[in-house]
Amino acid sequence: MFLGVFSQRLLQQGSRTVCQWSVIGCLAMLAVAFQLKGFYHLTVGTEQGDAIDLRLRWCEEHYFMQGRNPFDVWLTHSPRAQLKGSPNVVTSRSTVIDPALRVCDPAHPPWGFVSGLIFFFPSWPAVRWYFACVNLVAMVVIGAWAWQKGRAYDLWTGLLWGVAVMAVGGTATALEVGQYSILVTGCLVATLWCVQHGREGIGGFLLGIAMAKPTIAGPFLLALVIHKRLRMLAVTMLYVAIASSITWLVTKTHPGEMLQQLLAVGTVISQDGSLGPITFLLAMDIPRTAATLLGMASILLAAMLVLLLSQRRTMLYSFAVASVAGRLWTYHKTYDDVMLIFLLVALGEVVHRSRDSIMPWVAFFAVGISLWVPGRVSHVLIFQIFQLMIWLVGVGSLFVYHSVPARVSHTSTG
């Protein structure tokens, strides 16, 4: 009700200016607050959870830099691994704990260790500042991309989209704990830019870097398939293959063995994500492995169907659908919500394609509200249910209204 009334006021010229600048001002303050909070905890915070995920990724990366397999250390020494009855470790490889690194929960896929050299090579705690700088660059890329897309319509739209994508509450959480999410999303934004400008080789490489976190980037491969960007897809797969081969050689680990190790870790760390389709399948007493595979397959098939039914639409549209599929198809926490900026910006374009309709405005601000909240709000079950419903409504609105011809001269293929 409130969103409908608010959206109606935005369509009325008399009150539009006040509403516009009020929205931009509020989102700008939210963005500044989230970023300052996140960067503080990432760089100098001393609370227990500050940079905790960064520490884990840094530890496993530095085991790799020693030529060792961090999965071996975890499987041998972690109490969590012993409880799960994990696979045995090849005894010819060292499983001794490095006192400076300790035992960490490894989460990199094989190719992710090579990508991780870019982000985690400095010593501790210098890596906290380095990681903050890299995340700052990624946030600037994300904000500049959204600004550019909106500025093609008018100044207000550019400012709105720019602050909207930077006011995602999950970015604060991602920075606080030192998660990959912002970096991966920044690489995906850069990939989309490369598509627009015909830089498919660079775009494929950037998507390969983003695949360091395949739970986010994986479904975006569907967009390349639908749009027949086979060269870009080939570059991505080539990077993944070469990087994986380097990892297997450096750690002296057989590909099949490392896959078993990765799955063993996954059964432990994937049990405490936010609400999603897999949660509902588990509630039906379906075994965890079967529920995970069924949930992943169902979401990917649904996304592929939506993309096939609308394959002549823009790459941004396909990225928006892929972002929702990526958020729902497997385990995630609130710090991964930043991937949904593609849905938000795509709905923003729909607003300009259907200026006389309230529904696109409602969908845009509803999706926005689901993202512009502090991380602690996203932990509330009822709000997680609201988010799931709104994201699906957002995709539905995109599917219905995106086919309406644009009301402005905007020829971008993104």
# chains A, B, ... in the order shown; residues from 1 in each chain; ligands from 1

call {"tool": "residues_around", "arguments": {"residues": "A:Ile341", "least_positions_apart": "6", "cutoff": "12 Å", "atoms": "only C-alpha atoms", "output": "JSON, numbers by chain"}}
result
{"A": [139, 142, 143, 145, 146, 161, 162, 163, 164, 165, 166, 167, 168, 169, 170, 171, 181, 182, 185, 186, 188, 189, 316, 317, 319, 320, 321, 322, 323, 324, 327, 347, 348, 364, 367, 368, 370, 371, 372, 391, 394]}

call {"tool": "select_by_dssp", "arguments": {"residues": "stretch 175-213 of chain A", "states": "alpha helix (DSSP H)", "output": "PyMOL selection string"}}
result
chain A and resi 175-177+181-196+200-210

call {"tool": "residues_around", "arguments": {"residues": "stretch 197-212 of chain A", "least_positions_apart": "4", "cutoff": "7 Å", "atoms": "only C-alpha atoms", "output": "PDB file with N, CA and C atoms, in the first residue's frame"}}
result
ATOM      1  N   HIS A 108      37.790 -22.824  -1.119  1.00  0.00           N
ATOM      2  CA  HIS A 108      38.103 -22.554  -2.520  1.00  0.00           C
ATOM      3  C   HIS A 108      37.883 -23.788  -3.391  1.00  0.00           C
ATOM      4  N   PRO A 109      37.260 -23.616  -4.566  1.00  0.00           N
ATOM      5  CA  PRO A 109      37.335 -24.671  -5.568  1.00  0.00           C
ATOM      6  C   PRO A 109      38.761 -24.701  -6.113  1.00  0.00           C
ATOM      7  N   TRP A 111      40.264 -24.048  -8.923  1.00  0.00           N
ATOM      8  CA  TRP A 111      40.723 -22.867  -9.671  1.00  0.00           C
ATOM      9  C   TRP A 111      40.766 -21.610  -8.804  1.00  0.00           C
ATOM     10  N   GLY A 112      40.072 -21.624  -7.679  1.00  0.00           N
ATOM     11  CA  GLY A 112      40.013 -20.446  -6.819  1.00  0.00           C
ATOM     12  C   GLY A 112      41.322 -20.133  -6.130  1.00  0.00           C
ATOM     13  N   SER A 115      43.230 -17.731  -8.437  1.00  0.00           N
ATOM     14  CA  SER A 115      42.609 -16.400  -8.355  1.00  0.00           C
ATOM     15  C   SER A 115      42.907 -15.744  -7.018  1.00  0.00           C
ATOM     16  N   VAL A 184      33.495 -10.383  -6.335  1.00  0.00           N
ATOM     17  CA  VAL A 184      32.895 -11.216  -7.376  1.00  0.00           C
ATOM     18  C   VAL A 184      31.858 -10.415  -8.162  1.00  0.00           C
ATOM     19  N   CYS A 187      33.560  -8.043 -10.491  1.00  0.00           N
ATOM     20  CA  CYS A 187      34.034  -8.749 -11.693  1.00  0.00           C
ATOM     21  C   CYS A 187      32.890  -9.029 -12.659  1.00  0.00           C
ATOM     22  N   LEU A 188      31.719  -9.360 -12.122  1.00  0.00           N
ATOM     23  CA  LEU A 188      30.557  -9.607 -12.984  1.00  0.00           C
ATOM     24  C   LEU A 188      30.101  -8.326 -13.675  1.00  0.00           C
ATOM     25  N   THR A 191      32.478  -7.763 -16.374  1.00  0.00           N
ATOM     26  CA  THR A 191      32.179  -8.709 -17.447  1.00  0.00           C
ATOM     27  C   THR A 191      31.059  -8.191 -18.327  1.00  0.00           C
ATOM     28  N   TRP A 193      30.217  -5.088 -18.754  1.00  0.00           N
ATOM     29  CA  TRP A 193      30.758  -3.962 -19.519  1.00  0.00           C
ATOM     30  C   TRP A 193      31.531  -4.467 -20.726  1.00  0.00           C
ATOM     31  N   ALA A 217      28.766 -16.800  -9.056  1.00  0.00           N
ATOM     32  CA  ALA A 217      29.018 -16.584 -10.481  1.00  0.00           C
ATOM     33  C   ALA A 217      28.501 -17.706 -11.378  1.00  0.00           C
ATOM     34  N   GLY A 218      28.338 -18.912 -10.839  1.00  0.00           N
ATOM     35  CA  GLY A 218      27.952 -20.055 -11.665  1.00  0.00           C
ATOM     36  C   GLY A 218      26.755 -19.824 -12.574  1.00  0.00           C
ATOM     37  N   ARG A 231      32.680 -17.563 -27.350  1.00  0.00           N
ATOM     38  CA  ARG A 231      34.100 -17.231 -27.181  1.00  0.00           C
ATOM     39  C   ARG A 231      34.382 -16.857 -25.725  1.00  0.00           C
ATOM     40  N   MET A 232      33.513 -16.032 -25.162  1.00  0.00           N
ATOM     41  CA  MET A 232      33.686 -15.626 -23.770  1.00  0.00           C
ATOM     42  C   MET A 232      33.575 -16.838 -22.846  1.00  0.00           C
ATOM     43  N   LEU A 233      32.619 -17.697 -23.128  1.00  0.00           N
ATOM     44  CA  LEU A 233      32.443 -18.906 -22.326  1.00  0.00           C
ATOM     45  C   LEU A 233      33.674 -19.802 -22.426  1.00  0.00           C
ATOM     46  N   VAL A 235      36.771 -18.859 -23.008  1.00  0.00           N
ATOM     47  CA  VAL A 235      37.868 -18.249 -22.255  1.00  0.00           C
ATOM     48  C   VAL A 235      37.696 -18.525 -20.764  1.00  0.00           C
ATOM     49  N   THR A 236      36.467 -18.405 -20.279  1.00  0.00           N
ATOM     50  CA  THR A 236      36.193 -18.687 -18.870  1.00  0.00           C
ATOM     51  C   THR A 236      36.537 -20.126 -18.520  1.00  0.00           C
ATOM     52  N   TYR A 239      40.292 -20.729 -18.526  1.00  0.00           N
ATOM     53  CA  TYR A 239      40.925 -20.225 -17.304  1.00  0.00           C
ATOM     54  C   TYR A 239      40.687 -21.195 -16.142  1.00  0.00           C
ATOM     55  N   VAL A 240      39.463 -21.651 -15.987  1.00  0.00           N
ATOM     56  CA  VAL A 240      39.124 -22.581 -14.904  1.00  0.00           C
ATOM     57  C   VAL A 240      39.958 -23.857 -15.027  1.00  0.00           C
TER      58      VAL A 240
END

call {"tool": "closest_residue", "arguments": {"among": "A:Leu309, A:Leu282, A:Ala346, A:Ile390", "to": "A:Lys149", "atoms": "only C-alpha atoms"}}
result
A:Ala346

call {"tool": "closest_residue", "arguments": {"among": "A:Gln20, A:Ser318, A:Ser274, A:Gln260", "to": "A:Leu224", "atoms": "only C-alpha atoms"}}
result
A:Ser318
